[in-house]
Amino acid sequence: MLTILFDGIAYGMVLFVLACGLSVTMGLMNFVNLAHGAFAMLGGYVTVLLMQRLGLPFLASLPAAFLAAALAGIVLERLVYRPMYAKSHLDQVMFSIGLVFMAVAGTDWLLGSSQQIIQLPRWLQGRFYVLGVGIGYYRLFVIGICGLLAVALQWGFAKTRFGSRLRAAVDDARVARGLGIPVNRLFALTFALGSGLAGLGGALGIELMGLDPTFPLKFMIYFLIVVTVGGTSTITGPFLAAMLLGVADVMGKYLVPQAGAFIIYALMVILLLLRPEGLFARART
Amino acid sequence: MSGTVLEQHVRQSLRRARRWHPAELAFWLLAAASFALFPTRFLILNEIAILALFALSLDLILGYAGIVSLGHAAFLGMGAYSAGLLAKYVTADPLAGLAFGMATSALLGLLTSPLVLRGTDLTRLMITLGVALILYEVANSLAWLTGGADGLQGITMAPIFGTFDFDIFGRTAYLYSLLVLFILFLIARRIVNSPFGLSLRGIRDNQLRAAASGVPVPWRLAAIYALSAAYAGAAGALLAQTTQFVSLDVFDFHRSADLMLVLIIGGAGYLYGGLIGAIAFKFLQDAIATFTPQYWMFWIGLFLVLFVLGGRELIHGAIKALVARFPERGASS
């Protein structure tokens, strides 16, 4: 039972790293980017290719996954995303679904549709037992990294100059712009950072979630749940939402496998009904 | 005094909108002529008619009431499974199946409308998507009833009115779908050009102002949502009856996404958008599938991106220019 809980936490941690970039970009530019999962997939595939083709160790390929996805984020933001900000939500949704479809089919064409696997280094394999609770080394590793990232993000968001500018821009982009905050550049940076984190999450998640070309479609709904339930104005909101989702999903799959993904979707609809503004959102004045 | 003048003015403009434009007559004449023109292509024509009906249903809520939805496949699937199950277990009469599919979908629409009415566009997109996904999972897990991943097999349909049998070439199927589409289109056309339809457009343009001028916003939205669901259910029922098979695919996300593309191609808010979009979409799909069947998804994605980035006005401009070629009847303003 506690083992399942532990697995759920690891899963939730990865979900958080995957989705936190999305929550910030969504809050900052009010932009619905369903293609966020495509960046995660990119990170995952970069890791797989580096390890399989070039024989790089797992740890070295993680930063590469981050950088590749961040770079893709910068380029795409400049070229195709920028004209979309002023358009309606519906247009943005259509546009980013189009990107997802292209990413899915393109990956399928380039690398085939099979599930990708990686060979973890030996010290990350296996599990040990504490008081009868089975703890996988890899899951512990993931929780460690993601936990550090979450703390760092929270600190950066709350304490640094960049973070306070970002919060100001999320609250009211027009006023922030009027005060001389370079909102566009801030956004490009945040977008890159968020995409990079998604890439890292994709790389970390290969072992937990699997990786195949349909990844962006399969997990799109998960990211959206994290963001809509967690709200877009904090780091802790999406974090708690990701934890809740991760634990609920893993538990649901272990305990009532015949219900499938049903639990998650039902949970989302109920949460959105009770709190349309998000579970942990501050009341807007 | 000015109130009655205004009312007369509104009634007159509605009556004017109900008049048939020559281009509309030409469109339906062509649709009827397609029956004689392409005697070997009934199967794809049938698919077009069904997709057009499905798109018409989304247009009713998106184009006229401004409700965005990423889960319209929920109603398509509901109609398809209802009609399929009725045919398999109760009666094989097609019209009964059609009515049953529409009724269950409308009921589902009515039940889910409170979920959709609240929140922002984003919440709506999420909830509609969530409802469709839930139904997919339900259909998948009720394998004893729906056949699960294998699909619902063993549907046989009785002849329509006891005389017109469904043949292997899809002649009857196409005629049936086209007639249903035409009749439902007539009803939709009458509804959107009624005071009710006018109030919907008022809600779409400014919900607050519509509420302030006495429009019962939630009820109107619930009504059009249920109606749209019934239309999608009809499309699903037609799909189940003419292919005599229902699979989980009807609930799939790509159905809803394709549908959006259809409306984006054709344009929303004038009823013909869905029909024209469906024709263009199917021909596009057919053309692309002949040279690269596997990566059709890539091209659909590319089209979506390009359309949103600015290609949309091109097509709509072309349609408007084509319509303008027809001589105007009478002195309408």
# chains A, B, ... in the order shown; residues from 1 in each chain; ligands from 1
>>> residues_around(residues="segment 132-141 of chain B", least_positions_apart="5", cutoff="10 Å", atoms="only C-alpha atoms", output="MDAnalysis selection string")
(chainID A and resid 221 258:266 269) or (chainID B and resid 70:78 81 127 146:151 247:253 256)
>>> write_last_selection(atoms="N, CA and C atoms", output="mmCIF file, in the first residue's frame")
data_model
loop_
_atom_site.group_PDB
_atom_site.id
_atom_site.type_symbol
_atom_site.label_atom_id
_atom_site.label_comp_id
_atom_site.auth_asym_id
_atom_site.auth_seq_id
_atom_site.Cartn_x
_atom_site.Cartn_y
_atom_site.Cartn_z
ATOM 1 N N ILE A 221 -3.903 15.442 -21.630
ATOM 2 C CA ILE A 221 -4.971 15.634 -20.659
ATOM 3 C C ILE A 221 -4.416 15.734 -19.233
ATOM 4 N N GLN A 258 -9.775 -2.277 -13.700
ATOM 5 C CA GLN A 258 -10.791 -2.309 -14.752
ATOM 6 C C GLN A 258 -11.402 -0.936 -15.011
ATOM 7 N N ALA A 259 -11.270 -0.034 -14.026
ATOM 8 C CA ALA A 259 -11.827 1.305 -14.238
ATOM 9 C C ALA A 259 -10.953 2.123 -15.171
ATOM 10 N N GLY A 260 -9.679 1.718 -15.330
ATOM 11 C CA GLY A 260 -8.798 2.402 -16.268
ATOM 12 C C GLY A 260 -8.601 3.857 -15.902
ATOM 13 N N ALA A 261 -8.572 4.689 -16.934
ATOM 14 C CA ALA A 261 -8.305 6.106 -16.716
ATOM 15 C C ALA A 261 -9.555 6.837 -16.266
ATOM 16 N N PHE A 262 -10.620 6.104 -16.121
ATOM 17 C CA PHE A 262 -11.903 6.685 -15.768
ATOM 18 C C PHE A 262 -11.821 7.578 -14.536
ATOM 19 N N ILE A 263 -11.114 7.083 -13.498
ATOM 20 C CA ILE A 263 -11.022 7.798 -12.232
ATOM 21 C C ILE A 263 -10.471 9.207 -12.422
ATOM 22 N N ILE A 264 -9.400 9.277 -13.215
ATOM 23 C CA ILE A 264 -8.742 10.564 -13.413
ATOM 24 C C ILE A 264 -9.686 11.572 -14.058
ATOM 25 N N TYR A 265 -10.356 11.134 -15.108
ATOM 26 C CA TYR A 265 -11.220 12.067 -15.826
ATOM 27 C C TYR A 265 -12.390 12.489 -14.949
ATOM 28 N N ALA A 266 -12.929 11.530 -14.220
ATOM 29 C CA ALA A 266 -14.052 11.870 -13.346
ATOM 30 C C ALA A 266 -13.596 12.853 -12.275
ATOM 31 N N VAL A 269 -13.332 16.332 -13.806
ATOM 32 C CA VAL A 269 -14.612 17.003 -14.046
ATOM 33 C C VAL A 269 -15.211 17.475 -12.729
ATOM 34 N N LEU B 70 -14.333 20.507 -27.290
ATOM 35 C CA LEU B 70 -13.309 19.604 -27.820
ATOM 36 C C LEU B 70 -13.776 18.158 -27.663
ATOM 37 N N GLY B 71 -15.023 17.965 -27.287
ATOM 38 C CA GLY B 71 -15.468 16.606 -27.001
ATOM 39 C C GLY B 71 -16.785 16.288 -27.669
ATOM 40 N N HIS B 72 -16.988 16.854 -28.867
ATOM 41 C CA HIS B 72 -18.278 16.630 -29.487
ATOM 42 C C HIS B 72 -18.465 15.171 -29.889
ATOM 43 N N ALA B 73 -17.366 14.448 -29.968
ATOM 44 C CA ALA B 73 -17.449 13.027 -30.303
ATOM 45 C C ALA B 73 -18.280 12.266 -29.271
ATOM 46 N N ALA B 74 -18.398 12.812 -28.066
ATOM 47 C CA ALA B 74 -19.204 12.149 -27.034
ATOM 48 C C ALA B 74 -20.612 11.877 -27.553
ATOM 49 N N PHE B 75 -21.189 12.848 -28.251
ATOM 50 C CA PHE B 75 -22.569 12.703 -28.711
ATOM 51 C C PHE B 75 -22.659 11.832 -29.954
ATOM 52 N N LEU B 76 -21.617 11.943 -30.795
ATOM 53 C CA LEU B 76 -21.563 11.062 -31.959
ATOM 54 C C LEU B 76 -21.560 9.614 -31.497
ATOM 55 N N GLY B 77 -20.687 9.334 -30.512
ATOM 56 C CA GLY B 77 -20.569 7.971 -30.022
ATOM 57 C C GLY B 77 -21.842 7.505 -29.332
ATOM 58 N N MET B 78 -22.426 8.404 -28.560
ATOM 59 C CA MET B 78 -23.664 8.057 -27.856
ATOM 60 C C MET B 78 -24.739 7.659 -28.870
ATOM 61 N N TYR B 81 -23.751 4.215 -30.582
ATOM 62 C CA TYR B 81 -23.960 3.026 -29.753
ATOM 63 C C TYR B 81 -25.444 2.796 -29.474
ATOM 64 N N ILE B 127 -13.664 20.446 -19.946
ATOM 65 C CA ILE B 127 -14.765 19.599 -19.483
ATOM 66 C C ILE B 127 -15.348 18.802 -20.639
ATOM 67 N N THR B 146 -21.038 -3.406 -25.186
ATOM 68 C CA THR B 146 -20.583 -2.687 -26.372
ATOM 69 C C THR B 146 -19.556 -3.449 -27.194
ATOM 70 N N GLY B 147 -19.114 -4.589 -26.684
ATOM 71 C CA GLY B 147 -18.085 -5.313 -27.417
ATOM 72 C C GLY B 147 -16.695 -4.783 -27.134
ATOM 73 N N GLY B 148 -16.574 -3.745 -26.307
ATOM 74 C CA GLY B 148 -15.265 -3.232 -25.930
ATOM 75 C C GLY B 148 -14.429 -2.835 -27.128
ATOM 76 N N ALA B 149 -13.162 -3.242 -27.084
ATOM 77 C CA ALA B 149 -12.235 -2.841 -28.136
ATOM 78 C C ALA B 149 -12.530 -3.534 -29.467
ATOM 79 N N ASP B 150 -13.303 -4.622 -29.433
ATOM 80 C CA ASP B 150 -13.620 -5.308 -30.686
ATOM 81 C C ASP B 150 -14.702 -4.590 -31.474
ATOM 82 N N GLY B 151 -15.416 -3.727 -30.812
ATOM 83 C CA GLY B 151 -16.494 -3.011 -31.488
ATOM 84 C C GLY B 151 -17.793 -3.779 -31.405
ATOM 85 N N SER B 247 -17.430 1.114 -33.462
ATOM 86 C CA SER B 247 -16.220 0.817 -32.699
ATOM 87 C C SER B 247 -15.954 1.970 -31.734
ATOM 88 N N LEU B 248 -15.012 1.727 -30.824
ATOM 89 C CA LEU B 248 -14.668 2.753 -29.834
ATOM 90 C C LEU B 248 -14.182 4.029 -30.492
ATOM 91 N N ASP B 249 -13.745 3.886 -31.736
ATOM 92 C CA ASP B 249 -13.220 5.012 -32.485
ATOM 93 C C ASP B 249 -14.177 6.207 -32.509
ATOM 94 N N VAL B 250 -15.497 5.939 -32.391
ATOM 95 C CA VAL B 250 -16.448 7.048 -32.472
ATOM 96 C C VAL B 250 -16.298 8.023 -31.304
ATOM 97 N N PHE B 251 -15.714 7.553 -30.196
ATOM 98 C CA PHE B 251 -15.521 8.454 -29.065
ATOM 99 C C PHE B 251 -14.148 9.106 -29.091
ATOM 100 N N ASP B 252 -13.329 8.719 -30.055
ATOM 101 C CA ASP B 252 -11.924 9.087 -30.010
ATOM 102 C C ASP B 252 -11.732 10.599 -30.161
ATOM 103 N N PHE B 253 -10.639 11.062 -29.571
ATOM 104 C CA PHE B 253 -10.341 12.492 -29.587
ATOM 105 C C PHE B 253 -10.170 13.016 -30.999
ATOM 106 N N SER B 256 -13.210 14.586 -32.630
ATOM 107 C CA SER B 256 -13.511 15.973 -32.259
ATOM 108 C C SER B 256 -12.549 16.942 -32.933
#
>>> interface_residues(of="chain B", to="chain A", cutoff="6 Å", atoms="only C-alpha atoms", output="list of chain:residue names")
B:Gly119, B:Gly130, B:Ile134, B:Glu137, B:Tyr295, B:Met297, B:Phe298, B:Gly301, B:Leu304, B:Val305
>>> atom_distance(atom1="atom CA of Leu60 of chain B", atom2="atom CA of Gly269 of chain B")
7.6 Å
>>> closest_residue(among="A:Phe128, A:Pro257, A:Gly144, A:Phe223", to="Ala198 of chain A", atoms="only C-alpha atoms")
A:Phe223
>>> atom_distance(atom1="atom CA of Ala10 of chain A", atom2="atom CA of Ile143 of chain A")
5.4 Å
>>> closest_residue(among="A:Leu197, A:Leu56, A:Leu15, A:Val48", to="Val226 of chain A", atoms="only C-alpha atoms")
A:Leu15
>>> residues_around(residues="Asp212 of chain A", least_positions_apart="5", cutoff="8 Å", atoms="only C-alpha atoms", output="PyMOL selection string")
chain A and resi 113-116
>>> write_last_selection(atoms="C-alpha atoms", output="CSV table (one decimal), in the first residue's frame")
chain,number,residue,atom,x,y,z
A,113,SER,CA,6.0,3.8,-33.7
A,114,SER,CA,7.5,1.3,-31.2
A,115,GLN,CA,7.8,1.9,-27.5
A,116,GLN,CA,11.3,3.2,-26.6
>>> select_by_dssp(residues="segment 39-263 of chain A", states="alpha helix (DSSP H)", output="PyMOL selection string")
chain A and resi 39-53+58-76+89-111+137-159+161-171+173-178+183-209+215-230+236-255+262-263
>>> select_by_dssp(residues="segment 60-258 of chain B", states="strand (DSSP E or B)", output="list in words")
Leu152, Ile160, Phe164 and Val246 of chain B
>>> write_last_selection(atoms="C-alpha atoms", output="compact mmCIF listing (two decimals), in the first residue's frame")
# COMPACT_ATOMS: atom_id res chain seq x y z
CA LEU B 152 -20.19 -3.68 -31.68
CA ILE B 160 -36.31 1.73 -44.58
CA PHE B 164 -35.75 0.27 -49.37
CA VAL B 246 -19.71 0.65 -34.14
>>> decode(residues="segment 107-135 of chain A", atoms="N, CA and C atoms", output="mmCIF file, in the first residue's frame")
data_model
loop_
_atom_site.group_PDB
_atom_site.id
_atom_site.type_symbol
_atom_site.label_atom_id
_atom_site.label_comp_id
_atom_site.auth_asym_id
_atom_site.auth_seq_id
_atom_site.Cartn_x
_atom_site.Cartn_y
_atom_site.Cartn_z
ATOM 1 N N THR A 107 7.421 12.104 -35.682
ATOM 2 C CA THR A 107 8.246 11.190 -34.891
ATOM 3 C C THR A 107 8.054 9.759 -35.355
ATOM 4 N N ASP A 108 6.812 9.440 -35.647
ATOM 5 C CA ASP A 108 6.497 8.107 -36.143
ATOM 6 C C ASP A 108 7.288 7.827 -37.422
ATOM 7 N N TRP A 109 7.315 8.817 -38.292
ATOM 8 C CA TRP A 109 7.998 8.666 -39.574
ATOM 9 C C TRP A 109 9.501 8.539 -39.383
ATOM 10 N N LEU A 110 10.063 9.360 -38.480
ATOM 11 C CA LEU A 110 11.508 9.371 -38.302
ATOM 12 C C LEU A 110 12.000 8.152 -37.535
ATOM 13 N N LEU A 111 11.299 7.807 -36.458
ATOM 14 C CA LEU A 111 11.875 6.842 -35.510
ATOM 15 C C LEU A 111 11.018 5.598 -35.307
ATOM 16 N N GLY A 112 9.895 5.537 -36.012
ATOM 17 C CA GLY A 112 9.066 4.354 -35.849
ATOM 18 C C GLY A 112 8.134 4.482 -34.667
ATOM 19 N N SER A 113 7.102 3.645 -34.676
ATOM 20 C CA SER A 113 6.048 3.835 -33.678
ATOM 21 C C SER A 113 6.233 2.971 -32.447
ATOM 22 N N SER A 114 7.369 2.265 -32.359
ATOM 23 C CA SER A 114 7.487 1.331 -31.237
ATOM 24 C C SER A 114 7.821 2.061 -29.936
ATOM 25 N N GLN A 115 7.530 1.415 -28.847
ATOM 26 C CA GLN A 115 7.832 1.929 -27.513
ATOM 27 C C GLN A 115 9.349 1.959 -27.326
ATOM 28 N N GLN A 116 9.871 3.078 -26.823
ATOM 29 C CA GLN A 116 11.313 3.191 -26.625
ATOM 30 C C GLN A 116 11.678 2.779 -25.202
ATOM 31 N N ILE A 117 12.799 2.088 -25.068
ATOM 32 C CA ILE A 117 13.255 1.742 -23.727
ATOM 33 C C ILE A 117 14.704 2.176 -23.567
ATOM 34 N N ILE A 118 15.098 2.453 -22.347
ATOM 35 C CA ILE A 118 16.489 2.804 -22.091
ATOM 36 C C ILE A 118 17.030 1.879 -21.018
ATOM 37 N N GLN A 119 18.345 1.743 -21.051
ATOM 38 C CA GLN A 119 19.020 0.928 -20.061
ATOM 39 C C GLN A 119 19.485 1.848 -18.940
ATOM 40 N N LEU A 120 18.877 1.723 -17.780
ATOM 41 C CA LEU A 120 19.293 2.565 -16.664
ATOM 42 C C LEU A 120 20.638 2.082 -16.133
ATOM 43 N N PRO A 121 21.456 3.013 -15.625
ATOM 44 C CA PRO A 121 22.700 2.571 -14.993
ATOM 45 C C PRO A 121 22.403 1.644 -13.813
ATOM 46 N N ARG A 122 23.382 0.809 -13.492
ATOM 47 C CA ARG A 122 23.112 -0.257 -12.530
ATOM 48 C C ARG A 122 22.707 0.270 -11.166
ATOM 49 N N TRP A 123 23.302 1.406 -10.755
ATOM 50 C CA TRP A 123 23.016 1.893 -9.403
ATOM 51 C C TRP A 123 21.606 2.467 -9.270
ATOM 52 N N LEU A 124 20.885 2.558 -10.408
ATOM 53 C CA LEU A 124 19.515 3.046 -10.311
ATOM 54 C C LEU A 124 18.492 1.923 -10.435
ATOM 55 N N GLN A 125 19.003 0.707 -10.620
ATOM 56 C CA GLN A 125 18.065 -0.405 -10.776
ATOM 57 C C GLN A 125 17.755 -1.046 -9.428
ATOM 58 N N GLY A 126 16.665 -1.786 -9.423
ATOM 59 C CA GLY A 126 16.323 -2.541 -8.223
ATOM 60 C C GLY A 126 15.649 -1.673 -7.172
ATOM 61 N N ARG A 127 15.366 -2.299 -6.056
ATOM 62 C CA ARG A 127 14.710 -1.569 -4.982
ATOM 63 C C ARG A 127 15.152 -2.112 -3.634
ATOM 64 N N PHE A 128 14.989 -1.315 -2.597
ATOM 65 C CA PHE A 128 15.302 -1.790 -1.253
ATOM 66 C C PHE A 128 14.075 -1.604 -0.375
ATOM 67 N N TYR A 129 14.145 -2.221 0.823
ATOM 68 C CA TYR A 129 12.968 -2.219 1.679
ATOM 69 C C TYR A 129 13.234 -1.495 2.979
ATOM 70 N N VAL A 130 12.357 -0.570 3.320
ATOM 71 C CA VAL A 130 12.428 0.090 4.622
ATOM 72 C C VAL A 130 11.114 -0.174 5.324
ATOM 73 N N LEU A 131 11.155 -0.891 6.428
ATOM 74 C CA LEU A 131 9.936 -1.193 7.195
ATOM 75 C C LEU A 131 8.871 -1.820 6.313
ATOM 76 N N GLY A 132 9.301 -2.676 5.403
ATOM 77 C CA GLY A 132 8.335 -3.379 4.566
ATOM 78 C C GLY A 132 7.835 -2.569 3.383
ATOM 79 N N VAL A 133 8.341 -1.357 3.232
ATOM 80 C CA VAL A 133 7.927 -0.558 2.084
ATOM 81 C C VAL A 133 8.986 -0.678 0.997
ATOM 82 N N GLY A 134 8.567 -1.164 -0.184
ATOM 83 C CA GLY A 134 9.516 -1.305 -1.275
ATOM 84 C C GLY A 134 9.787 0.052 -1.911
ATOM 85 N N ILE A 135 11.083 0.406 -1.981
ATOM 86 C CA ILE A 135 11.431 1.699 -2.555
ATOM 87 C C ILE A 135 12.394 1.473 -3.708
#
